[in-house]
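S.K.: Contents of final_0.tsv (TSV, C-alpha atoms) are given next:
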```tsv
chain	number	residue	atom	x	y	z
A	1	MET	CA	-26.93	-25.51	20.27
A	2	GLU	CA	-25.98	-21.94	19.47
A	3	ASP	CA	-27.19	-19.13	21.68
A	4	ILE	CA	-30.11	-17.27	20.07
A	5	HIS	CA	-28.57	-13.94	21.04
A	6	GLU	CA	-25.36	-14.85	19.23
A	7	ILE	CA	-27.31	-15.74	16.09
A	8	ARG	CA	-29.28	-12.51	16.21
A	9	LYS	CA	-26.14	-10.51	16.83
A	10	ARG	CA	-24.40	-12.10	13.86
A	11	ARG	CA	-27.41	-11.45	11.66
A	12	ARG	CA	-27.48	-7.83	12.70
A	13	THR	CA	-23.79	-7.42	11.92
A	14	LEU	CA	-24.23	-9.11	8.57
A	15	GLN	CA	-27.21	-6.92	7.78
A	16	GLU	CA	-25.27	-3.79	8.64
A	17	THR	CA	-22.48	-4.94	6.34
A	18	MET	CA	-25.00	-5.55	3.58
A	19	ASN	CA	-26.48	-2.12	4.16
A	20	PHE	CA	-23.03	-0.58	3.90
A	21	MET	CA	-22.26	-2.54	0.73
A	22	ALA	CA	-25.51	-1.47	-0.89
A	23	ALA	CA	-24.99	2.17	0.05
A	24	LEU	CA	-21.45	1.98	-1.29
A	25	SER	CA	-22.63	0.47	-4.54
A	26	ALA	CA	-25.36	3.06	-5.04
A	27	GLY	CA	-23.46	6.07	-3.74
A	28	ILE	CA	-19.92	5.67	-5.01
A	29	GLU	CA	-20.70	6.57	-8.62
A	30	PRO	CA	-22.50	9.90	-8.03
A	31	ILE	CA	-19.75	10.93	-5.61
A	32	LEU	CA	-16.64	9.81	-7.41
A	33	GLY	CA	-17.90	10.05	-10.96
A	34	ARG	CA	-16.64	7.83	-13.72
A	35	GLY	CA	-13.59	6.77	-11.73
A	36	ALA	CA	-15.79	4.75	-9.35
A	37	ASN	CA	-16.09	1.78	-11.65
A	38	SER	CA	-12.36	1.54	-12.22
A	39	MET	CA	-11.77	1.78	-8.48
A	40	THR	CA	-14.08	-1.11	-7.64
A	41	MET	CA	-12.75	-3.05	-10.61
A	42	SER	CA	-9.21	-2.49	-9.39
A	43	ALA	CA	-10.16	-3.56	-5.84
A	44	GLY	CA	-11.65	-6.77	-7.25
A	45	ARG	CA	-8.58	-7.40	-9.39
A	46	ASN	CA	-6.26	-7.05	-6.41
A	47	LEU	CA	-8.41	-9.47	-4.45
A	48	GLY	CA	-8.47	-11.92	-7.37
A	49	ARG	CA	-4.70	-11.76	-7.69
A	50	LYS	CA	-4.19	-12.23	-3.97
A	51	PHE	CA	-6.59	-15.15	-3.62
A	52	SER	CA	-5.26	-16.98	-6.66
A	53	GLU	CA	-1.56	-16.65	-5.85
A	54	ASN	CA	-1.21	-20.40	-5.33
A	55	ALA	CA	-3.87	-21.49	-7.81
A	56	THR	CA	-3.17	-24.20	-10.38
A	57	LYS	CA	-2.07	-22.73	-13.72
A	58	THR	CA	-3.93	-23.87	-16.80
A	59	ASP	CA	-4.72	-22.74	-20.34
A	60	ASP	CA	-8.07	-24.51	-20.42
A	61	LEU	CA	-10.77	-21.88	-19.87
A	62	LEU	CA	-13.27	-24.27	-18.27
A	63	ALA	CA	-10.62	-25.59	-15.88
A	64	ALA	CA	-9.61	-22.00	-15.10
A	65	VAL	CA	-13.21	-21.05	-14.26
A	66	ASP	CA	-13.41	-24.12	-11.98
A	67	GLU	CA	-10.20	-22.98	-10.35
A	68	VAL	CA	-11.68	-19.51	-9.76
A	69	ARG	CA	-14.67	-21.19	-8.12
A	70	ARG	CA	-12.36	-23.26	-5.91
A	71	VAL	CA	-10.37	-20.16	-4.94
A	72	LEU	CA	-13.57	-18.32	-4.00
A	73	GLU	CA	-14.86	-21.25	-1.95
A	74	GLU	CA	-11.53	-21.66	-0.21
A	75	ASN	CA	-11.70	-18.03	0.85
A	76	HIS	CA	-15.31	-18.27	2.04
A	77	CYS	CA	-16.62	-16.08	-0.79
A	78	LEU	CA	-20.16	-17.16	-1.46
A	79	TRP	CA	-20.74	-16.66	-5.14
A	80	PHE	CA	-22.40	-19.55	-6.89
A	81	PHE	CA	-21.90	-19.48	-10.63
A	82	GLU	CA	-21.95	-21.95	-13.49
A	83	PRO	CA	-21.04	-21.84	-17.18
A	84	PHE	CA	-23.99	-21.55	-19.51
A	85	LYS	CA	-24.35	-22.89	-23.04
A	86	PRO	CA	-27.41	-21.81	-25.04
A	87	LYS	CA	-29.06	-24.71	-26.84
A	88	ASN	CA	-28.33	-23.43	-30.33
A	89	GLN	CA	-24.68	-22.67	-29.56
A	90	PRO	CA	-22.43	-25.54	-30.66
A	91	GLU	CA	-19.73	-25.15	-28.00
A	92	MET	CA	-19.52	-23.79	-24.49
A	93	ILE	CA	-16.54	-21.64	-25.46
A	94	MET	CA	-16.83	-19.54	-28.58
A	95	VAL	CA	-14.24	-17.44	-30.39
A	96	ASN	CA	-15.31	-13.89	-31.26
A	97	ASP	CA	-14.28	-11.90	-34.34
A	98	LYS	CA	-11.24	-10.54	-32.50
A	99	GLY	CA	-10.01	-14.07	-31.87
A	100	GLU	CA	-10.81	-13.90	-28.14
A	101	ARG	CA	-12.39	-16.81	-26.29
A	102	GLU	CA	-15.84	-16.10	-24.87
A	103	MET	CA	-18.14	-17.97	-22.56
A	104	GLN	CA	-21.35	-17.14	-20.74
A	105	ILE	CA	-21.58	-17.53	-16.98
A	106	VAL	CA	-24.72	-17.46	-14.85
A	107	PHE	CA	-24.27	-16.02	-11.37
A	108	LYS	CA	-26.91	-17.26	-8.96
A	109	ASP	CA	-26.18	-16.68	-5.27
A	110	CYS	CA	-24.70	-13.20	-4.97
A	111	MET	CA	-24.42	-11.20	-1.80
A	112	ILE	CA	-24.22	-7.93	-3.72
A	113	ARG	CA	-27.54	-8.57	-5.47
A	114	GLN	CA	-29.18	-9.55	-2.19
A	115	SER	CA	-27.90	-6.38	-0.53
A	116	LEU	CA	-29.07	-4.18	-3.38
A	117	PHE	CA	-32.57	-5.64	-3.37
A	118	ARG	CA	-32.82	-5.63	0.38
A	119	PHE	CA	-32.16	-1.91	0.53
A	120	GLY	CA	-33.83	-0.90	-2.72
A	121	HIS	CA	-30.83	-0.02	-4.85
A	122	PRO	CA	-30.53	-0.61	-8.61
A	123	GLN	CA	-28.40	-3.40	-10.03
A	124	GLN	CA	-25.32	-3.09	-12.26
A	125	GLY	CA	-23.73	-0.50	-9.99
A	126	SER	CA	-20.05	-0.11	-9.24
A	127	LEU	CA	-19.93	-3.03	-6.85
A	128	CYS	CA	-20.97	-5.41	-9.63
A	129	ASN	CA	-17.73	-4.41	-11.31
A	130	MET	CA	-15.83	-5.95	-8.45
A	131	MET	CA	-16.63	-9.39	-9.81
A	132	TYR	CA	-15.29	-8.27	-13.20
A	133	GLY	CA	-12.09	-7.28	-11.44
A	134	PHE	CA	-11.96	-10.49	-9.45
A	135	PHE	CA	-12.17	-12.65	-12.57
A	136	ALA	CA	-9.66	-10.45	-14.37
A	137	GLY	CA	-7.18	-10.71	-11.50
A	138	ALA	CA	-7.66	-14.42	-10.88
A	139	LEU	CA	-7.49	-15.39	-14.56
A	140	GLU	CA	-4.38	-13.28	-14.99
A	141	ASN	CA	-2.72	-15.54	-12.42
A	142	ILE	CA	-4.29	-18.80	-13.57
A	143	MET	CA	-4.08	-18.39	-17.35
A	144	GLY	CA	-1.61	-15.54	-17.65
A	145	LYS	CA	-4.04	-13.67	-19.89
A	146	LYS	CA	-6.18	-10.56	-19.74
A	147	ALA	CA	-9.86	-11.23	-19.11
A	148	LYS	CA	-13.05	-9.24	-18.79
A	149	LEU	CA	-16.48	-10.05	-17.43
A	150	ASP	CA	-19.33	-8.03	-18.92
A	151	ILE	CA	-22.83	-8.01	-17.51
A	152	LYS	CA	-25.27	-9.12	-20.18
A	153	HIS	CA	-28.31	-9.27	-17.95
A	154	ALA	CA	-28.90	-8.49	-14.29
A	155	GLY	CA	-31.93	-10.44	-13.16
A	156	GLU	CA	-33.84	-10.85	-9.93
A	157	ASN	CA	-32.70	-14.41	-9.27
A	158	ALA	CA	-29.60	-14.71	-11.49
A	159	CYS	CA	-27.28	-12.59	-13.62
A	160	LEU	CA	-25.84	-13.52	-17.01
A	161	LYS	CA	-22.29	-12.39	-17.69
A	162	VAL	CA	-19.93	-12.86	-20.61
A	163	LEU	CA	-16.35	-13.82	-19.82
A	164	THR	CA	-13.87	-12.83	-22.53
A	165	VAL	CA	-10.26	-14.00	-22.44
A	166	ALA	CA	-7.67	-12.43	-24.71
A	167	SER	CA	-5.99	-14.75	-27.20
B	1	MET	CA	-35.25	-29.82	-13.86
B	2	LEU	CA	-36.77	-26.38	-14.33
B	3	GLU	CA	-40.42	-26.20	-15.31
B	4	MET	CA	-41.89	-23.06	-16.79
B	5	GLU	CA	-45.48	-22.22	-17.60
B	6	ILE	CA	-47.21	-19.32	-19.32
B	7	ARG	CA	-50.90	-19.20	-18.56
B	8	ASP	CA	-52.61	-18.46	-21.86
B	9	LYS	CA	-55.64	-16.83	-20.36
B	10	ALA	CA	-53.58	-14.45	-18.25
B	11	CYS	CA	-51.09	-13.41	-20.98
B	12	ARG	CA	-51.98	-10.04	-22.50
B	13	GLY	CA	-49.41	-10.18	-25.25
B	14	CYS	CA	-47.41	-7.17	-24.06
B	15	ARG	CA	-44.08	-8.84	-25.04
B	16	PHE	CA	-42.33	-7.54	-21.91
B	17	CYS	CA	-41.13	-11.06	-21.06
B	18	VAL	CA	-39.85	-11.69	-24.57
B	19	ASP	CA	-37.93	-8.41	-24.55
B	20	ILE	CA	-36.37	-8.90	-21.13
B	21	CYS	CA	-35.28	-12.54	-21.57
B	22	PRO	CA	-31.48	-12.45	-22.12
B	23	THR	CA	-31.30	-15.89	-23.69
B	24	ASP	CA	-34.34	-15.79	-25.98
B	25	ALA	CA	-35.99	-18.62	-24.14
B	26	LEU	CA	-39.35	-17.02	-24.86
B	27	ALA	CA	-40.93	-16.03	-28.17
B	28	PHE	CA	-44.04	-14.24	-29.34
B	29	ASP	CA	-46.67	-16.17	-31.23
B	30	ASP	CA	-48.11	-13.85	-33.89
B	31	GLU	CA	-51.11	-16.05	-34.43
B	32	THR	CA	-52.32	-16.16	-30.85
B	33	GLN	CA	-50.73	-12.79	-29.95
B	34	LYS	CA	-49.31	-14.36	-26.78
B	35	ALA	CA	-45.89	-15.23	-25.40
B	36	VAL	CA	-44.75	-18.82	-25.70
B	37	ILE	CA	-41.84	-20.83	-24.34
B	38	LYS	CA	-39.31	-21.37	-27.10
B	39	GLU	CA	-36.48	-23.20	-25.33
B	40	VAL	CA	-36.89	-23.99	-21.65
B	41	GLU	CA	-33.30	-25.31	-21.59
B	42	ASP	CA	-32.09	-21.79	-22.36
B	43	CYS	CA	-33.74	-20.34	-19.26
B	44	ILE	CA	-31.12	-19.19	-16.75
B	45	GLU	CA	-33.70	-18.90	-13.96
B	46	CYS	CA	-33.21	-15.15	-13.55
B	47	LEU	CA	-37.01	-14.88	-13.15
B	48	SER	CA	-37.02	-11.46	-14.81
B	49	CYS	CA	-39.90	-12.50	-17.07
B	50	GLY	CA	-42.02	-13.53	-14.09
B	51	PHE	CA	-41.27	-10.31	-12.24
B	52	ILE	CA	-41.99	-8.04	-15.19
B	53	CYS	CA	-45.18	-9.76	-16.34
B	54	PRO	CA	-48.03	-7.34	-15.49
B	55	SER	CA	-50.58	-10.11	-15.23
B	56	GLY	CA	-48.47	-12.68	-13.39
B	57	ALA	CA	-48.92	-15.18	-16.18
B	58	ILE	CA	-45.46	-16.75	-15.92
B	59	ALA	CA	-44.61	-19.35	-13.31
B	60	HIS	CA	-41.37	-21.25	-12.66
B	61	LYS	CA	-41.03	-24.49	-10.74
B	62	ASN	CA	-37.99	-26.45	-9.51
B	63	HIS	CA	-35.64	-23.52	-9.97
B	64	HIS	CA	-32.68	-22.50	-7.85
B	65	VAL	CA	-33.75	-19.89	-5.33
B	66	VAL	CA	-30.94	-17.57	-4.26
B	67	LYS	CA	-29.66	-18.01	-0.74
B	68	ASN	CA	-30.95	-15.55	1.78
B	69	PHE	CA	-27.59	-14.68	3.29
B	70	TYR	CA	-28.65	-12.81	6.34
B	71	ARG	CA	-31.27	-15.37	7.38
B	72	ASN	CA	-29.52	-18.59	6.38
B	73	LEU	CA	-27.54	-19.73	9.42
B	74	TYR	CA	-25.01	-21.75	7.42
B	75	PHE	CA	-24.17	-18.87	5.10
B	76	SER	CA	-24.26	-16.35	7.89
B	77	ARG	CA	-21.71	-18.45	9.80
B	78	ARG	CA	-19.40	-18.66	6.79
B	79	MET	CA	-19.60	-14.93	6.23
B	80	GLU	CA	-18.28	-14.33	9.72
B	81	LYS	CA	-14.73	-14.16	8.41
B	82	PHE	CA	-15.54	-10.83	6.75
B	83	LEU	CA	-17.44	-9.21	9.60
```
Go ahead and express the file in the form of structure tokens.

M.R.:
Amino acid sequence: MEDIHEIRKRRRTLQETMNFMAALSAGIEPILGRGANSMTMSAGRNLGRKFSENATKTDDLLAAVDEVRRVLEENHCLWFFEPFKPKNQPEMIMVNDKGEREMQIVFKDCMIRQSLFRFGHPQQGSLCNMMYGFFAGALENIMGKKAKLDIKHAGENACLKVLTVAS
Amino acid sequence: MLEMEIRDKACRGCRFCVDICPTDALAFDDETQKAVIKEVEDCIECLSCGFICPSGAIAHKNHHVVKNFYRNLYFSRRMEKFL
């Protein structure tokens, strides 16, 4: 049985980290201006590249997304996401008019969202761009292609994002 | 399996839920002037409709509730690597 003081101490540390994350997300843009988003995106991309160094290479987008999930889990990153196919859409992966492959992903458990809500900050801040960067970096390693992850909807219990992979 | 319900008597027909739904899972019935569920399978469980509804007419059941990281011992333990 774990010591109650240890549990409380860990919670406090975690909460302070969350507080810092939320403040960073809300404050970085007014301070740094437009460059903030590219900075967080770049940080995420570096992390994605680093984590996926030894990931299995594939050209299959669904397999690549599974690989990203595995890489995140392996590195104790707690983001739960799953591909989403609307009922009237024939395939999970669609090709847009530029010839790029597109798929929708629903992000459920997200520490950034929890931190933002806990401390009363708005969603879709710079820190949300980190996930864009992470996917871009990881998919660059896994598929060898440029990718982007746009936020379509930031909800209270889940966010809907669109993953686009260059042809 | 997610269950969703819009209570007819509570719905004021403001269309907020229809506008906020990113997947068009809800629609507006012109006849009754109330929101209706179009495709429950398209609901991503973001709960935005429920939160924005001014009269609390929308309810979700059996949906995934996001993990409370700082209270959940299992998650808190796993996060230790970063702290």

S.K.: Show me, as an MDAnalysis selection string, the residues of chain A whose atoms get within 12 Å of chain B, using only C-alpha atoms for the distance check.

M.R.: chainID A and resid 2 4 6:20 73:89 104:115 117:118 151:162

S.K.: For a quick check of understanding, using all atoms listed in the file, which of A:Gly99, A:Pro90, A:Gly48, A:Gly33 has the smallest distance to A:Met130?

M.R.: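 Selected residue with least distance to A:Met130: A:Gly48.
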
S.K.: B:Tyr74, B:Cys53, B:Thr32, B:Met1: which is nearest B:Asp19, counting only C-alpha atoms?

M.R.: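 So, comparing all the options, the nearest one is B:Cys53.
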
S.K.: Which residues, protein or nucleic acid, reach to within 9 Å of (-13.5, 1.2, -11.4) in the file's coordinates when using only C-alpha atoms, and can you give that as a list in words?

M.R.: Arg34, Gly35, Ala36, Asn37, Ser38, Met39, Thr40, Met41, Ser42, Ala43, Ser126, Leu127, Asn129, Met130 and Gly133 of chain A

S.K.: Between atom CA of A:Met131 and atom CA of A:Asn46, what is the distance, to one decimal in Å?

M.R.: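 These two atoms are separated by 11.2 Å.
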
S.K.: Have stretch 46-70 of chain B completed to N, CA and C atoms, please, and pass it along as a CSV table (one decimal), keeping the file's coordinate frame.

M.R.:
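So the final result, stored in selection37.csv, reads:
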```
chain,number,residue,atom,x,y,z
B,46,CYS,N,-33.4,-16.5,-14.1
B,46,CYS,CA,-33.2,-15.2,-13.6
B,46,CYS,C,-34.6,-14.6,-13.0
B,47,LEU,N,-35.6,-15.2,-13.5
B,47,LEU,CA,-37.0,-14.9,-13.2
B,47,LEU,C,-37.4,-13.5,-13.5
B,48,SER,N,-36.7,-12.8,-14.4
B,48,SER,CA,-37.0,-11.5,-14.8
B,48,SER,C,-38.4,-11.4,-15.5
B,49,CYS,N,-38.6,-12.5,-16.3
B,49,CYS,CA,-39.9,-12.5,-17.1
B,49,CYS,C,-41.1,-12.6,-16.1
B,50,GLY,N,-40.9,-13.4,-15.1
B,50,GLY,CA,-42.0,-13.5,-14.1
B,50,GLY,C,-42.3,-12.3,-13.3
B,51,PHE,N,-41.1,-11.6,-13.0
B,51,PHE,CA,-41.3,-10.3,-12.2
B,51,PHE,C,-41.9,-9.2,-13.1
B,52,ILE,N,-41.5,-9.2,-14.4
B,52,ILE,CA,-42.0,-8.0,-15.2
B,52,ILE,C,-43.4,-8.2,-15.7
B,53,CYS,N,-43.9,-9.5,-15.8
B,53,CYS,CA,-45.2,-9.8,-16.3
B,53,CYS,C,-46.3,-9.0,-15.6
B,54,PRO,N,-47.0,-8.1,-16.2
B,54,PRO,CA,-48.0,-7.3,-15.5
B,54,PRO,C,-49.2,-8.2,-15.0
B,55,SER,N,-49.4,-9.3,-15.6
B,55,SER,CA,-50.6,-10.1,-15.2
B,55,SER,C,-50.2,-11.4,-14.5
B,56,GLY,N,-48.9,-11.5,-14.2
B,56,GLY,CA,-48.5,-12.7,-13.4
B,56,GLY,C,-48.7,-14.0,-14.1
B,57,ALA,N,-48.6,-14.0,-15.4
B,57,ALA,CA,-48.9,-15.2,-16.2
B,57,ALA,C,-47.8,-16.2,-16.2
B,58,ILE,N,-46.6,-15.8,-15.8
B,58,ILE,CA,-45.5,-16.8,-15.9
B,58,ILE,C,-45.1,-17.4,-14.6
B,59,ALA,N,-45.0,-18.7,-14.6
B,59,ALA,CA,-44.6,-19.4,-13.3
B,59,ALA,C,-43.4,-20.3,-13.6
B,60,HIS,N,-42.5,-20.3,-12.6
B,60,HIS,CA,-41.4,-21.2,-12.7
B,60,HIS,C,-41.5,-22.2,-11.5
B,61,LYS,N,-41.1,-23.5,-11.8
B,61,LYS,CA,-41.0,-24.5,-10.7
B,61,LYS,C,-39.7,-25.2,-10.8
B,62,ASN,N,-39.3,-25.7,-9.6
B,62,ASN,CA,-38.0,-26.4,-9.5
B,62,ASN,C,-36.8,-25.6,-9.9
B,63,HIS,N,-36.8,-24.4,-9.6
B,63,HIS,CA,-35.6,-23.5,-10.0
B,63,HIS,C,-34.8,-23.2,-8.7
B,64,HIS,N,-33.6,-22.8,-9.0
B,64,HIS,CA,-32.7,-22.5,-7.8
B,64,HIS,C,-33.1,-21.2,-7.3
B,65,VAL,N,-33.4,-21.2,-6.0
B,65,VAL,CA,-33.8,-19.9,-5.3
B,65,VAL,C,-32.5,-19.4,-4.6
B,66,VAL,N,-32.2,-18.1,-4.8
B,66,VAL,CA,-30.9,-17.6,-4.3
B,66,VAL,C,-31.0,-17.6,-2.7
B,67,LYS,N,-29.8,-17.9,-2.2
B,67,LYS,CA,-29.7,-18.0,-0.7
B,67,LYS,C,-29.9,-16.7,0.0
B,68,ASN,N,-30.7,-16.7,1.0
B,68,ASN,CA,-31.0,-15.6,1.8
B,68,ASN,C,-29.8,-15.4,2.8
B,69,PHE,N,-28.8,-14.7,2.5
B,69,PHE,CA,-27.6,-14.7,3.3
B,69,PHE,C,-27.8,-14.3,4.7
B,70,TYR,N,-28.6,-13.3,5.0
B,70,TYR,CA,-28.6,-12.8,6.3
B,70,TYR,C,-29.6,-13.6,7.2
```
